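Here's the structure, in structure tokens; my notes come after.
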Amino acid sequence: MQQNNDGHLAHAGCFHCGLPIALGDDFHSRLGGAQRDFCCFACKSVCEAIYEAGLEGYYKRTPQGTLLAPPPTPPRDVEMYDLEEVQQEFVNSKGDTRDAHLLVEGIHCAACVWLIERGMMRIPGVLTANVNLAGKRLHIRWDDKRVKLSALIKQLSQIGYAGVPYDPETAEGAMKRANRAMLFRLFFAGFAMMNLTLISIALYSGAGEGPFRNFFHWMGWALATPTLFYSGFPFFKGAWSGLRNWRLTMDLPIAIGLSVTYAYSVYVTLNVTHPGEVYFDTVTNLTFVILIGRYLEGMFRHQAVAATNRLMELQPRVATLLQEGVEKLTSIRAVKVGDRVLVKPGSKIPMDGVVREGHSSVDESMLSGESMPVSKNIGAHVAAGTLNGSGMLVVEVQAAMQDSALSKIIRLVEEAQSSKAPIQRISDSIVPWFVLATLICASITYFLWAENFEFALMAATSVLIITCPCALGMATPMSIAVASGLGAKHGILVKNGEVLETLSKVTHFVFDKTGTLTEGKMRMERVIAATGQDETKLLLLAAAVERYSEHSVAHAIVRAADERQLGYRSASVQHFLALPGSGVQAEMEGQCILLGTLDWLRREQVQLSDELQAQLGALETQAQTCVHCAVAGKHVAMLVLADTLRSDAQGLVNTLRAAGIRMTLLSGDRKPVAEAIARQLGGMEVIAEVMPQDKDHVIQQLQQDGACVAMVGDGVNDAPALTRANVGIALGSGTDVSVESADIVLMQNELDKVRLATLLSRRTLRTIKQNIGLSFAYNSIMVPLAMMGHVTPLMAAITMPISSLLVIGNAARIRNLFKR
């Protein structure tokens with residue numbers, strides 16, 4: 001506290017931001033039972049808003065004088081973010097529930113995270129609010145009926161932060177600015193180091209014994225001081241942020257080592273009679289070398305996870321819009337669903353859509369991992385970012401930019417790269433204790449060599465510098481980031497890092513039959529009619545009813561009727577009803593028609609045909625599915641359908657069997673049919689005639705028996721089972737990414753991707769363990785050497801980044817997994 005001229009007491013600094021209060025400023029408010037003084041009206045308003053929201057606990061989490069910076073200027077015209085056409089660019093919506101990522105200016109510590117998350121969650125209509133401290137992003141979900149986005153941004157500014165919709169280009173610009181600042185610090189430290197090297201040579205050559213000794217000491221101080229406080233600022237900032245939040249960080253030992261060496265050198269400089277040496281050159285050398293290590297780490301880390309950036313680069317910036325036959329080059333942000341765009345040969349397809357005119361081949365390798373171009377005709381789906389071949393295409397846009405398959409892939413990869421696997425949480429919990437052990441070892445080293453002060457100081461500094469918890473901290477996230485990027489490149493989308501770890505531990509695979517182990521493209525082999533019934537008429541009736549169903553069986557029946565050119569589309573069908581797992585029913589010409597399973601017909605008290613039932617067993621043992629038809633309560637026919645086993649199913653099953661993994665075929669089909677498929681694959685456990693809603697109970701039972709279960713299904717009908725399994729793997733397609741229920745989505749319907757995903761998970765976990773082992777091996781060798789005085793501080797600074805680079809390089813080796 002200090003006293004003003006008028007005798008009133010005032011804070012020496014602003015209660016909110018800690019900046020000095022200019023004389024004459026009169027911004028104060030009574031909060032928390034005491035008068036609080038502020039440097040400006042903005043700080044006063046922010047502090048009052050925090051107290052009114054009941055969030056004054058924020059100030060308990062941040063020490064006096066080190067709080068928020070003065071509130072940043074809120075973005076102008078925030079109401080524009082409420083417009084639907086503007087929100088299409090960055091907001092994901094499901095009805096009135098919406099979510100978006102905001103890039104937030106002003107986040108600097110865990111207390112900011114606490115304040116923002118709790119401040120936003122108090123707003124009626126906000127469903128979730130999660131802050132990513134590293135990315136300075138707020139992921140927020142809200143009910144648009146209850147609160148608008150502009151109101152959320154305004155509330156954010158009221159508690160001291162400026163938020164704008166997250167844009168990868170904006171984030172990339174922020175990263176480039178940070179890298180440029182790092183280079184400036186590096187160049188300054190390098191300049192000082194070169195000049196101090198000349199001074200050191202002079203001192204070691206004899207100048208330190210003559211009249212110029214003190215002059216050279218002061219020259220060294222003049223160069224080392226700005227280097228320490230400018231170039232070394234990131235280390236001190238990181239160390240202080242950790243201490244302020246009661247956490248020992250990796251920057252703390254470095255900051256202590258630099259500070260102690262600098263302080264001793266200043267003491268020798270001021271005390272001209274002291275016989276000791278100055279170590280200003282050591283301070284600048286350490287700062288320069290450690291900054292080089294940090295820069296190299298950032299560069300290699302950026303290269304290792306470059307898959308995400310390459311995916312972002314796939315998104316075209318412009319599109320050729322067709323309006324009334326006129327071509328118009330425009331930004332893709334201006335293209336709407338329903339518009340038609342012209343894709344010229346050799347150009348990238350700008351948006352997800354359907355081909356309306358033209359024929360071409362499209363390179364989809366970056367999205368699906370498939371190297372061969374895919375032929376595209378009228379009616380075919382195309383995805384944004386894929387490369388058109390030699391033909392001209394007119395594409396009708398079917399999805400906005402943020403809803404495209406490419407955008408979904410990028411979001412999945414980003415989430416996976418920023419997620420934490422269980423093994424990483426263990427590593428993160430070890431790091432603070434690791435730093436504490438470093439400080440203890442440095443203290444022990446100093447006291448061991450205390451008889452020789454300078455030697456003890458240098459040895460302790462070497463211990464502080466050489467220990468590298470950075471490698472331990474990066475061991476897991478680097479491996480997961482590289483693996484998720486590699487998976488995306490080959491059409492394997494991993495939802496989070498935990499999945500990779502869990503998949504490597506799976507002991508039991510459960511497969512859906514139709515569409516997973518089989519092609520899912522049913523074809524009708526024949527119609528077996530009861531005596532006295534007309535096969536052609538019965539097929540016409542069946543097709544007339546099944547045309548309203550979306551099931552693969554229905555499509556096969558309709559396709560067979562089309563091939564025979566039956567006029568089923570003119571038939572009048574009423575009261576159509578589909579019963580999942582049972583069949584369909586409808587009325588035609590006043591008669592009730594049922595098409596489905598034999599059990600369902602039995603439950604509906606249909607008069608069953610002994611003649612047809614006698615043939616059923618032989619057909620099902622040949623893996624043929626029978627759809628039973630009843631007309632007016634009488635069993636009149638069986639429609640015999642067959643599915644083809646996937647060409648890569650046998651290879652996957654053989655690989656899993658060789659690895660000692662148990663397998664189960666889970667199907668809603670008849671047991672004899674499912675068992676016939678299992679026999680073709682060499683045998684596995686079969687659980688058949690299971691309703692879709694009951695499949696998750698089967699998974700649960702396996703888990704209760706102690707199995708770690710992976711479920712492989714189509715991502716739609718098997719959603720409950722995929723969610724219940726330890727790892728859910730959905731076979732998807734390039735334009736329909738099933739991300740809600742599955743943990744891993746395969747962009748192509750290829751079972752071999754399951755094998756590759758398993759290999760990727762095992763390689764990733766093995767790499768994580770190797771990285772952790774490398775970190776501990778490095779420290780267990782180098783720390784004792786430093787404690788024995790065999791390592792100089794400069795040598796420590798050179799070797800310290802090497803362990804981090806080894807971890808990064810080892811993680812980058814994952815990229816070679818699929819090149820064999």
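We label chains A, B, ... in the order they appear in the structure tokens, count residues from 1 in each chain, and number ligands from 1 in the order shown.
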Taking 2 positions as the minimum chain separation for residues in the same chain, which residues sit within 9 Å of A:Arg815 when counting only C-alpha atoms? Answer as a ChimeraX atom specification.
/A:304,482-483,485-486,811-813,817-819
Produce a file of the selected residues containing N, CA and C atoms, as a compact mmCIF listing (two decimals), in the first residue's frame.
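Saved the output as again-v2.txt:
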# COMPACT_ATOMS: atom_id res chain seq x y z
N ALA A 304 7.13 -34.08 -37.90
CA ALA A 304 6.61 -35.40 -37.53
C ALA A 304 5.10 -35.46 -37.58
N VAL A 482 2.18 -38.72 -34.40
CA VAL A 482 2.67 -39.31 -35.65
C VAL A 482 1.76 -40.45 -36.10
N ALA A 483 1.34 -41.30 -35.15
CA ALA A 483 0.51 -42.45 -35.50
C ALA A 483 -0.85 -42.02 -36.04
N GLY A 485 -1.60 -39.21 -37.50
CA GLY A 485 -1.40 -38.62 -38.82
C GLY A 485 -1.17 -39.68 -39.88
N LEU A 486 -0.37 -40.70 -39.55
CA LEU A 486 -0.12 -41.79 -40.50
C LEU A 486 -1.40 -42.56 -40.77
N ALA A 811 9.90 -41.54 -32.64
CA ALA A 811 8.47 -41.46 -32.93
C ALA A 811 8.24 -41.31 -34.43
N ALA A 812 9.11 -40.56 -35.10
CA ALA A 812 8.95 -40.36 -36.55
C ALA A 812 9.12 -41.66 -37.32
N ARG A 813 9.82 -42.64 -36.75
CA ARG A 813 10.02 -43.93 -37.43
C ARG A 813 8.70 -44.67 -37.63
N LEU A 817 6.05 -47.55 -41.03
CA LEU A 817 5.39 -48.83 -40.73
C LEU A 817 4.77 -49.47 -41.96
N PHE A 818 4.07 -48.70 -42.78
CA PHE A 818 3.33 -49.26 -43.91
C PHE A 818 4.13 -49.25 -45.22
N LYS A 819 5.43 -48.94 -45.13
CA LYS A 819 6.25 -48.89 -46.34
C LYS A 819 6.88 -50.25 -46.67
So which residues touch stretch 223-232 of chain A within 9 Å, counting only C-alpha atoms, skipping near sequence neighbours fewer than 4 positions away, as number ranges by chain?
A: 182, 184-189, 192-193, 195-196, 218-219, 236-237, 255, 258-259, 262, 280-281, 283-284, 287-288, 291
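For stretch 607-662 of chain A, the set of residues given alpha helix (DSSP H) by DSSP on the backbone reads Asp610, Glu611, Leu612, Gln613, Ala614, Gln615, Leu616, Gly617, Ala618, Leu619, Glu620, Ala649, Gln650, Gly651, Leu652, Val653, Asn654, Thr655, Leu656, Arg657 and Ala658 of chain A.
Separating atom CA of A:Leu156 from atom CA of A:Arg30 is a distance of 22.8 Å.
Closest to A:Ser484 among A:Ser804, A:Ser150, A:Ser552, A:Thr764 is A:Thr764, based on only C-alpha atoms.
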